[in-house]
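As structure tokens, the structure follows; a few thoughts come after it.
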Amino acid sequence: MPDTCYHCDEVIPRGFKAVLTISDQQQAFCCYGCLAIAETIVSGGLENFYQHRTQASEKPDPLNQSQQDEIHLYDDKALQEDFVTIKEGISETHLSIANITCAACIWLLEREINNIEGIHRFTINHTSHRAILTWIDDDCSLSTVLLKVRKLGYKARPYQDDLANKQAKIEKRTSIFRIAIAGIATMQNMMFSLPLYLGSANSIDPEYIALFRWVSLIMCTPVVLFSAWPFIKAGLRDIRTRHLTMDLPVSIAILAAYSASSYITLFSSSNLESDVYFDSVAMFTFFLLLGRFFEMQTRHKHLNSDADFSQLLPATARVKTADGEVSKPAHKIEIGDVLIIHQGQISPADGIVVEGQSRFDESALTGEFLPISKTVGSVINGGTANVENTILISTTATPKHSRVSAIIRMLDQAQHEKPQTVQLADIVASYFVAFVLISASVAGLFWYFIDPNAVFSTVLSILVVTCPCALSLATPTAITSVNTFLRSKGLLMAKGHTIEAMNSTTDIIFDKTGTLTEGKLKLSSTTTYNGMTQQKAQTIAAALENHSRHPIANAFKPYFKEKASQVETTLGYGLQGSFQDKTYRLGNIAFALNNEDPKDKIEESLGAHIFLSELSDNKQCTLLAQFELSDTLREESLSCVKAFQTQGIQVHILSGDHLNSVQHIAHQLGIKHIKAAQSPEQKLNYVRKLQKENKEVAMVGDGINDLPVLSGARLSIAMGGASDITKLNSDAVLLNSHMCVLNLAFQSANKARKIIKQNMAWAIGYNLLMLPLAAMGLVPPYFAALGMSMSSLVVVFNSLRLKS
Amino acid sequence: MEILFILIPVSIAFVALAIWIFGWAIKNGQYDDLEGPAHSILFDDDADMIPDRNDKPKTKPIKNSAKP
């Protein structure tokens with residue numbers, strides 16, 4: 001039997017057994033959630049999914065009752081107004097779908113959803129993971145679809161396009177159109193310029209030369225005016241800001257070649273003594289645009305993961321009015337509204353408790369995974385989850401102005417002040433560009449005194465021959481191949497400067513929970529008493545915990561088989577309920593043994609110990625089992641930290657958690673620099689302080705509270721489990737839980753830097769060699785073009801070495 | 001060869017038409033998903049037509065029939 005889950009490829013907990021026969025083979029699963037999904041897939045006859053997929057699926061997150069209720073709220077017509085359009089009885093909405101790992105997931109979802117009665121059309125975009133759903137509201141409800149998607153192990157949520165997404169869409173469409181025009185014009189121009197190149201060998205009549213030139217001019221004009229516009233615009237910006245980039249010589253070459261060729265076509269006689277360069281202009285623009293397009297694709301990929309922070313806050317709220325409980329879209333909440341927050345629900349806005357007593361899970365904000373107690377007068381932050389009892393809060397800030405939103409605003413500011421990574425390529429390029437421009441003008445001046453007729457052709461040939469093609473490919477090709485390599489290992493590089501930043505990092509900071517540790521409580525050991533078996537004890541505990549929203553309950557989820565009945569919660573102590581006709585108690589030692597002196601509450605210890613006992617009819621408790629739960633270190637954390645330390649990089653821990661739990665972890669990993677109980681502001685200040693000491697800081701984190709510090713650090717890496725907004729604003733995202741990939745990335749970055757230097761040496765060396773020859777008028781155009789391509793190919797092949 | 005003076009302008013008109021159609025297709029959102037179509041042709045919807053290992057052939061057995 002394999003030791004990893006057939007569905008999600010995670011390690012199966014020891015002693016856990018759940019199997020299913022798929023395509024005549026027994027397959028094992030890591031939890032009942034994965035098993036249920038596999039059963040749904042197989043019963044739909046879609047087991048081919050497992051053959052088609054190229055990556056393991058995401059581990060599902062079981063749906064509890066209040067989440068189900070929340071999904072049903074989406075059927076509310078008043079709420080639907082915001083995101084559903086109805087045309088001729090057919091409703092249409094856009095959904096954003098999470099957890100899609102490969103093309104087979106999309107196939108599975110499209111097949112299953114389109115099979116639901118009443119669904120008109122359901123298609124998912126492979127790039128953006130956004131779906132368009134049209135359905136007939138009388139036959140089918142939106143919640144049916146959302147629940148079905150959940151049942152298959154994915155998450156769907158209605159979304160509205162925000163500004164950034166709309167812009168990205170327009171940008172993409174425009175650049176495809178630009179490429180199309182440049183491409184078509186290139187092909188057409190080739191056709192007409194070939195006779196001109198070959199014309200000298202075979203005599204060609206002047207009127208045909210004129211015809212071909214005129215046609216080429218017509219074809220090339222939209223390329224220069226429309227397709228090449230981004231380069232020209234950037235070139236003009238370079239002049240304004242006095243900062244030289246590749247765009248300046250590129251646009252000078254395009255404009256100069258175009259205007260010179262147009263001048264020849266319009267005014268000079270139709271003979272072959274002077275050349276026109278329309279074909280080169282179109283082709284040059286086409287290839288440059290293609291390169292930029294691929295770069296843009298990578299950039300947009302990260303935008304697609306939902307930028308909408310409001311997903312942290314629920315879309316609806318329950319408001320207490322004179323008529324009782326009413327649901328209201330969250331954006332209509334006003335200050336002073338009394339909100340009812342039931343157990344398991346997330347608070348939609350900031351507020352102060354006015355009635356009731358409960359505990360809140362603030363992990364989304366602070367990373368602290370044990371819930372915090374709240375009584376009348378306590379402050380509740382929007383985005384935190386109510387773990388225990390229904391309470392009433394009086395709103396103090398609308399969702400737009402809540403703490404979560406404030407953190408997002410802080411993020412913008414931090415990003416603004418982020419130390420800019422000056423890329424090696426940029427420095428070299430600006431010197432090189434200045435050099436080319438100066439030498440072209442010197443050569444032009446020189447020829448002006450010798451032969452005024454040759455000035456233009458010499459200057460142009462210098463610009464063409466020194467076309468920084470290879471130079472402009474030197475960095476992007478190396479970075480692309482190292483990115484492809486690292487992506488296959490599970491690290492996604494989001495921003496261009498990541499590789500450069502890795503090379504200069506002197507200090508790396510980890511957030512504790514969720515990075516070095518798993519960030520969730522896990523059952524680490526089970527001790528049984530009085531003849532109980534481990535498996536039975538776990539099943540009973542899971543049955544009881546299924547009724548609880550406490551984070552401890554999550555640790556038991558993988559063991560859940562069937563529900564217990566008559567479960568009662570005693571706040572802060574434990575649960576009591578009956579399972580298979582016996583009454584059990586689960587909680588801290590005092591509660592489990594019915595001791596009247598409940599001194600130690602569950603969360604006081606570092607990890608947590610909880611106890612299971614059987615309650616007989618005469619109120620006698622018999623201890624059956626003891627479970628130890630702890631936030632476990634990731635398997636590779638130790639080797640990862642050790643590797644960084646041997647590389648000479650200082651490792652720090654900066655955490656929002658209590659000092660003793662941070663110390664415990666730091667001791668295990670041998671990390672000396674630690675800061676505990678830090679607020680987002682303090683974390684950012686810590687990084688700023690290090691930066692003042694001229695340290696280059698890299699930060700690895702996962703929570704919303706890490707956002708400001710992530711963007712303040714020069715290099716930020718988010719964990720795959722982080723919220724989308726965190727991932728979106730990081731420079732790199734680690735998609736799996738293998739910390740060693742980080743070490744690999746730093747090594748690859750070092751290699752990439754070497755390759756980039758080689759590439760630049762080659763590209764500049766070649767151009768410097770050709771420059772004097774071109775200035776002397778010794779380089780014919782066809783040789784310049786050939787040499788340029790060869791030089792670029794050398795660079796590309798050199799970069800490809802990084803892929804292995 | 002004078003025909004070139006007519007044919008080339010005609011070809012320009014065709015190119016212009018092609019560009020116009022291309023622009024229409026882009027605006028219509030047909031190029032929004034550049035990855036999907038490459039995958040979707042591989043996921044056939046003909047699973048029910050491929051004989052199952054346990055299924056008895058409905059007509060005469062075909063030798064070397066495709067495996068599911």
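Chain identifiers are assigned as A, B, and so on, following the order in which chains appear in the structure tokens; residues are numbered from 1 within each chain, and ligands are numbered from 1 in order of appearance.
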
For chain A, report every residue with an atom at most 8 Å from chain B (counting only C-alpha atoms), formatted as JSON, numbers by chain.
{"A": [52, 103, 104, 107, 125, 126, 127, 169, 172, 173, 176, 177, 180, 181, 184, 211, 215]}

Per DSSP on the backbone, filter region 97-132 of chain A down to the residues in alpha helix (DSSP H) and report them as a short mmCIF file (atom, residue, chain, number, x, y, z; two decimals) with N, CA and C atoms, in the first residue's frame.
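This is the output file result-v4.cif:
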data_model
loop_
_atom_site.label_atom_id
_atom_site.label_comp_id
_atom_site.auth_asym_id
_atom_site.auth_seq_id
_atom_site.Cartn_x
_atom_site.Cartn_y
_atom_site.Cartn_z
N ALA A 103 -5.07 20.91 -16.03
CA ALA A 103 -6.14 20.96 -17.02
C ALA A 103 -7.23 19.91 -16.75
N ALA A 104 -6.85 18.78 -16.15
CA ALA A 104 -7.84 17.74 -15.90
C ALA A 104 -8.89 18.20 -14.89
N CYS A 105 -8.48 19.07 -13.96
CA CYS A 105 -9.43 19.60 -12.99
C CYS A 105 -10.54 20.34 -13.72
N ILE A 106 -10.16 21.10 -14.73
CA ILE A 106 -11.13 21.89 -15.47
C ILE A 106 -12.08 20.98 -16.24
N TRP A 107 -11.49 19.95 -16.81
CA TRP A 107 -12.30 18.97 -17.53
C TRP A 107 -13.34 18.36 -16.60
N LEU A 108 -12.86 17.94 -15.40
CA LEU A 108 -13.75 17.31 -14.42
C LEU A 108 -14.88 18.25 -14.04
N LEU A 109 -14.53 19.48 -13.72
CA LEU A 109 -15.53 20.46 -13.28
C LEU A 109 -16.54 20.75 -14.39
N GLU A 110 -16.03 20.97 -15.59
CA GLU A 110 -16.94 21.31 -16.69
C GLU A 110 -17.91 20.15 -16.96
N ARG A 111 -17.38 18.92 -16.91
CA ARG A 111 -18.24 17.76 -17.16
C ARG A 111 -19.34 17.68 -16.09
N GLU A 112 -18.93 17.73 -14.82
CA GLU A 112 -19.88 17.53 -13.73
C GLU A 112 -20.91 18.65 -13.66
N ILE A 113 -20.46 19.89 -13.78
CA ILE A 113 -21.39 21.01 -13.62
C ILE A 113 -22.37 21.07 -14.80
N ASN A 114 -21.87 20.81 -16.00
CA ASN A 114 -22.77 20.86 -17.15
C ASN A 114 -23.82 19.76 -17.11
#

Region 620-632 of chain A surroundings by only C-alpha atoms, 7 Å radius, close-in-sequence under 5 positions cut, as a ChimeraX atom specification
/A:517-530,532,537,593-594,607-615

Could the residues in this selection be written to a file with N, CA and C atoms, as a PDB file, in the first residue's frame?
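Output contents, as saved in out18.pdb:
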ATOM      1  N   THR A 517       6.695  25.940  10.741  1.00  0.00           N
ATOM      2  CA  THR A 517       5.795  24.915  11.243  1.00  0.00           C
ATOM      3  C   THR A 517       4.621  24.782  10.287  1.00  0.00           C
ATOM      4  N   GLU A 518       3.835  23.764  10.504  1.00  0.00           N
ATOM      5  CA  GLU A 518       2.711  23.519   9.605  1.00  0.00           C
ATOM      6  C   GLU A 518       1.600  24.549   9.769  1.00  0.00           C
ATOM      7  N   GLY A 519       1.570  25.208  10.909  1.00  0.00           N
ATOM      8  CA  GLY A 519       0.569  26.241  11.126  1.00  0.00           C
ATOM      9  C   GLY A 519      -0.775  25.694  11.532  1.00  0.00           C
ATOM     10  N   LYS A 520      -0.819  24.440  11.921  1.00  0.00           N
ATOM     11  CA  LYS A 520      -2.080  23.912  12.417  1.00  0.00           C
ATOM     12  C   LYS A 520      -1.791  22.795  13.411  1.00  0.00           C
ATOM     13  N   LEU A 521      -2.726  22.595  14.291  1.00  0.00           N
ATOM     14  CA  LEU A 521      -2.541  21.541  15.271  1.00  0.00           C
ATOM     15  C   LEU A 521      -2.709  20.198  14.594  1.00  0.00           C
ATOM     16  N   LYS A 522      -1.828  19.293  14.975  1.00  0.00           N
ATOM     17  CA  LYS A 522      -1.946  17.949  14.430  1.00  0.00           C
ATOM     18  C   LYS A 522      -1.863  16.970  15.589  1.00  0.00           C
ATOM     19  N   LEU A 523      -2.517  15.853  15.408  1.00  0.00           N
ATOM     20  CA  LEU A 523      -2.468  14.826  16.433  1.00  0.00           C
ATOM     21  C   LEU A 523      -1.077  14.218  16.384  1.00  0.00           C
ATOM     22  N   SER A 524      -0.271  14.464  17.431  1.00  0.00           N
ATOM     23  CA  SER A 524       1.085  13.928  17.340  1.00  0.00           C
ATOM     24  C   SER A 524       1.227  12.597  18.055  1.00  0.00           C
ATOM     25  N   SER A 525       0.428  12.349  19.122  1.00  0.00           N
ATOM     26  CA  SER A 525       0.487  11.007  19.703  1.00  0.00           C
ATOM     27  C   SER A 525      -0.814  10.674  20.430  1.00  0.00           C
ATOM     28  N   THR A 526      -1.113   9.411  20.498  1.00  0.00           N
ATOM     29  CA  THR A 526      -2.309   8.941  21.185  1.00  0.00           C
ATOM     30  C   THR A 526      -1.893   7.871  22.184  1.00  0.00           C
ATOM     31  N   THR A 527      -2.249   8.070  23.446  1.00  0.00           N
ATOM     32  CA  THR A 527      -1.960   7.059  24.468  1.00  0.00           C
ATOM     33  C   THR A 527      -3.304   6.521  24.958  1.00  0.00           C
ATOM     34  N   THR A 528      -3.447   5.242  25.029  1.00  0.00           N
ATOM     35  CA  THR A 528      -4.753   4.717  25.433  1.00  0.00           C
ATOM     36  C   THR A 528      -4.668   4.020  26.788  1.00  0.00           C
ATOM     37  N   TYR A 529      -5.801   3.997  27.489  1.00  0.00           N
ATOM     38  CA  TYR A 529      -5.901   3.354  28.799  1.00  0.00           C
ATOM     39  C   TYR A 529      -7.103   2.425  28.819  1.00  0.00           C
ATOM     40  N   ASN A 530      -7.137   1.581  29.780  1.00  0.00           N
ATOM     41  CA  ASN A 530      -8.301   0.723  30.060  1.00  0.00           C
ATOM     42  C   ASN A 530      -8.812  -0.037  28.830  1.00  0.00           C
ATOM     43  N   MET A 532      -8.610   0.423  25.608  1.00  0.00           N
ATOM     44  CA  MET A 532      -9.087   1.113  24.410  1.00  0.00           C
ATOM     45  C   MET A 532      -8.075   0.910  23.282  1.00  0.00           C
ATOM     46  N   ALA A 537     -10.380   5.085  19.736  1.00  0.00           N
ATOM     47  CA  ALA A 537     -10.333   6.340  20.476  1.00  0.00           C
ATOM     48  C   ALA A 537     -10.368   7.529  19.535  1.00  0.00           C
ATOM     49  N   LEU A 593     -12.351  14.000  33.640  1.00  0.00           N
ATOM     50  CA  LEU A 593     -12.492  13.181  34.844  1.00  0.00           C
ATOM     51  C   LEU A 593     -13.541  13.740  35.787  1.00  0.00           C
ATOM     52  N   ASN A 594     -14.320  14.712  35.279  1.00  0.00           N
ATOM     53  CA  ASN A 594     -15.396  15.309  36.052  1.00  0.00           C
ATOM     54  C   ASN A 594     -14.888  15.896  37.356  1.00  0.00           C
ATOM     55  N   GLY A 607       1.745  22.856  23.504  1.00  0.00           N
ATOM     56  CA  GLY A 607       0.902  22.133  22.560  1.00  0.00           C
ATOM     57  C   GLY A 607      -0.400  21.992  23.300  1.00  0.00           C
ATOM     58  N   ALA A 608      -1.152  20.971  23.040  1.00  0.00           N
ATOM     59  CA  ALA A 608      -2.339  20.782  23.840  1.00  0.00           C
ATOM     60  C   ALA A 608      -2.501  19.296  24.120  1.00  0.00           C
ATOM     61  N   HIS A 609      -2.895  19.014  25.366  1.00  0.00           N
ATOM     62  CA  HIS A 609      -3.210  17.628  25.699  1.00  0.00           C
ATOM     63  C   HIS A 609      -4.697  17.569  25.922  1.00  0.00           C
ATOM     64  N   ILE A 610      -5.379  16.649  25.291  1.00  0.00           N
ATOM     65  CA  ILE A 610      -6.773  16.488  25.641  1.00  0.00           C
ATOM     66  C   ILE A 610      -7.071  15.029  25.921  1.00  0.00           C
ATOM     67  N   PHE A 611      -8.129  14.843  26.700  1.00  0.00           N
ATOM     68  CA  PHE A 611      -8.388  13.519  27.259  1.00  0.00           C
ATOM     69  C   PHE A 611      -9.788  13.044  26.897  1.00  0.00           C
ATOM     70  N   LEU A 612      -9.894  11.744  26.713  1.00  0.00           N
ATOM     71  CA  LEU A 612     -11.188  11.155  26.379  1.00  0.00           C
ATOM     72  C   LEU A 612     -11.590  10.222  27.515  1.00  0.00           C
ATOM     73  N   SER A 613     -12.823  10.346  27.946  1.00  0.00           N
ATOM     74  CA  SER A 613     -13.265   9.435  28.995  1.00  0.00           C
ATOM     75  C   SER A 613     -14.689   8.974  28.716  1.00  0.00           C
ATOM     76  N   GLU A 614     -15.056   7.856  29.335  1.00  0.00           N
ATOM     77  CA  GLU A 614     -16.423   7.363  29.182  1.00  0.00           C
ATOM     78  C   GLU A 614     -17.181   7.718  30.452  1.00  0.00           C
ATOM     79  N   LEU A 615     -18.380   8.231  30.258  1.00  0.00           N
ATOM     80  CA  LEU A 615     -19.187   8.641  31.407  1.00  0.00           C
ATOM     81  C   LEU A 615     -20.238   7.563  31.631  1.00  0.00           C
TER      82      LEU A 615
END

Near-region 790-803 of chain A list (12 Å; only C-alpha atoms; drop same-chain fewer than 3 positions) as a PDB file with C-alpha atoms, in the first residue's frame:
ATOM      1  CA  PHE A 287      10.053  39.558 -32.241  1.00  0.00           C
ATOM      2  CA  VAL A 465      24.398  46.180 -36.189  1.00  0.00           C
ATOM      3  CA  THR A 466      24.530  47.087 -32.535  1.00  0.00           C
ATOM      4  CA  CYS A 467      20.881  46.280 -32.090  1.00  0.00           C
ATOM      5  CA  PRO A 468      20.886  45.186 -28.477  1.00  0.00           C
ATOM      6  CA  CYS A 469      18.957  42.029 -29.303  1.00  0.00           C
ATOM      7  CA  ALA A 470      21.389  39.614 -27.679  1.00  0.00           C
ATOM      8  CA  LEU A 471      21.932  42.032 -24.824  1.00  0.00           C
ATOM      9  CA  SER A 472      18.229  42.388 -24.245  1.00  0.00           C
ATOM     10  CA  LEU A 473      17.860  38.604 -24.319  1.00  0.00           C
ATOM     11  CA  ALA A 474      20.757  38.019 -21.926  1.00  0.00           C
ATOM     12  CA  THR A 475      18.807  38.512 -18.708  1.00  0.00           C
ATOM     13  CA  PRO A 476      15.241  37.486 -19.622  1.00  0.00           C
ATOM     14  CA  THR A 477      16.245  34.145 -21.152  1.00  0.00           C
ATOM     15  CA  ALA A 478      18.351  33.227 -18.143  1.00  0.00           C
ATOM     16  CA  ILE A 479      15.611  34.285 -15.756  1.00  0.00           C
ATOM     17  CA  THR A 480      12.934  32.473 -17.732  1.00  0.00           C
ATOM     18  CA  SER A 481      14.837  29.218 -17.738  1.00  0.00           C
ATOM     19  CA  VAL A 482      15.664  29.406 -14.060  1.00  0.00           C
ATOM     20  CA  ASN A 483      12.010  30.255 -13.370  1.00  0.00           C
ATOM     21  CA  THR A 484      10.822  27.269 -15.386  1.00  0.00           C
ATOM     22  CA  PHE A 485      13.240  25.060 -13.523  1.00  0.00           C
ATOM     23  CA  LEU A 486      12.160  26.328 -10.121  1.00  0.00           C
ATOM     24  CA  ARG A 487       8.491  26.184 -11.000  1.00  0.00           C
ATOM     25  CA  SER A 488       8.871  22.495 -11.763  1.00  0.00           C
ATOM     26  CA  LYS A 489      10.272  22.187  -8.233  1.00  0.00           C
ATOM     27  CA  ALA A 745      16.334  28.499  -5.430  1.00  0.00           C
ATOM     28  CA  GLN A 747      21.707  28.106  -5.474  1.00  0.00           C
ATOM     29  CA  SER A 748      19.999  28.460  -8.842  1.00  0.00           C
ATOM     30  CA  ALA A 749      19.950  32.221  -8.462  1.00  0.00           C
ATOM     31  CA  ASN A 750      23.688  32.152  -8.036  1.00  0.00           C
ATOM     32  CA  LYS A 751      24.069  30.035 -11.165  1.00  0.00           C
ATOM     33  CA  ALA A 752      21.712  32.309 -13.082  1.00  0.00           C
ATOM     34  CA  ARG A 753      23.794  35.345 -12.160  1.00  0.00           C
ATOM     35  CA  LYS A 754      26.884  33.679 -13.643  1.00  0.00           C
ATOM     36  CA  ILE A 755      25.031  32.799 -16.857  1.00  0.00           C
ATOM     37  CA  ILE A 756      23.683  36.346 -17.165  1.00  0.00           C
ATOM     38  CA  LYS A 757      27.204  37.719 -16.854  1.00  0.00           C
ATOM     39  CA  GLN A 758      28.462  35.328 -19.553  1.00  0.00           C
ATOM     40  CA  ASN A 759      25.595  36.297 -21.831  1.00  0.00           C
ATOM     41  CA  MET A 760      26.270  39.981 -21.393  1.00  0.00           C
ATOM     42  CA  ALA A 761      29.976  39.550 -21.970  1.00  0.00           C
ATOM     43  CA  TRP A 762      29.210  37.738 -25.206  1.00  0.00           C
ATOM     44  CA  ALA A 763      26.553  40.192 -26.411  1.00  0.00           C
ATOM     45  CA  ILE A 764      28.601  43.283 -25.624  1.00  0.00           C
ATOM     46  CA  GLY A 765      31.794  41.734 -26.967  1.00  0.00           C
ATOM     47  CA  TYR A 766      30.119  40.905 -30.259  1.00  0.00           C
ATOM     48  CA  ASN A 767      28.556  44.338 -30.609  1.00  0.00           C
ATOM     49  CA  LEU A 769      33.587  44.063 -32.377  1.00  0.00           C
ATOM     50  CA  MET A 770      31.035  44.910 -35.061  1.00  0.00           C
ATOM     51  CA  PHE A 783      25.593  40.037 -42.764  1.00  0.00           C
ATOM     52  CA  ALA A 784      24.488  42.298 -39.927  1.00  0.00           C
ATOM     53  CA  ALA A 785      21.126  40.522 -39.749  1.00  0.00           C
ATOM     54  CA  LEU A 786      22.745  37.076 -39.835  1.00  0.00           C
ATOM     55  CA  GLY A 787      25.278  37.993 -37.197  1.00  0.00           C
TER      56      GLY A 787
END

Distance query region 349-360 of chain A at most 8 Å, only C-alpha atoms, self and fewer than 4 positions along chain excluded, as a PyMOL selection string:
chain A and resi 313+371-399+402-403

For CA of Ser711 (chain A) and CA of Asp511 (chain A), quote the distance in Å rounded to one decimal.
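Straight-line distance from CA of Ser711 (chain A) to CA of Asp511 (chain A) works out to 13.9 Å.
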
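Here CA of Met219 (chain A) is placed at a distance of 16.8 Å from CA of Ala256 (chain A).
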
Could you tell me how far CA of Ser141 (chain A) sits from CA of Ile119 (chain A), in Å to one decimal place?
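For CA of Ile119 (chain A) relative to CA of Ser141 (chain A), the distance reads 9.2 Å.
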
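The nearest approach to Ile717 (chain A) among the residues A:Tyr32, A:Phe510, A:Tyr431, A:Tyr448, with only C-alpha atoms taken into account, belongs to A:Phe510.
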
Taking only C-alpha atoms into account, name the residue in A:Gln691, A:Ser280, A:Thr144, A:Gln345 that is nearest to Gly183 (chain A).
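Of A:Gln691, A:Ser280, A:Thr144, A:Gln345, the one nearest Gly183 (chain A) is A:Ser280, counting only C-alpha atoms.
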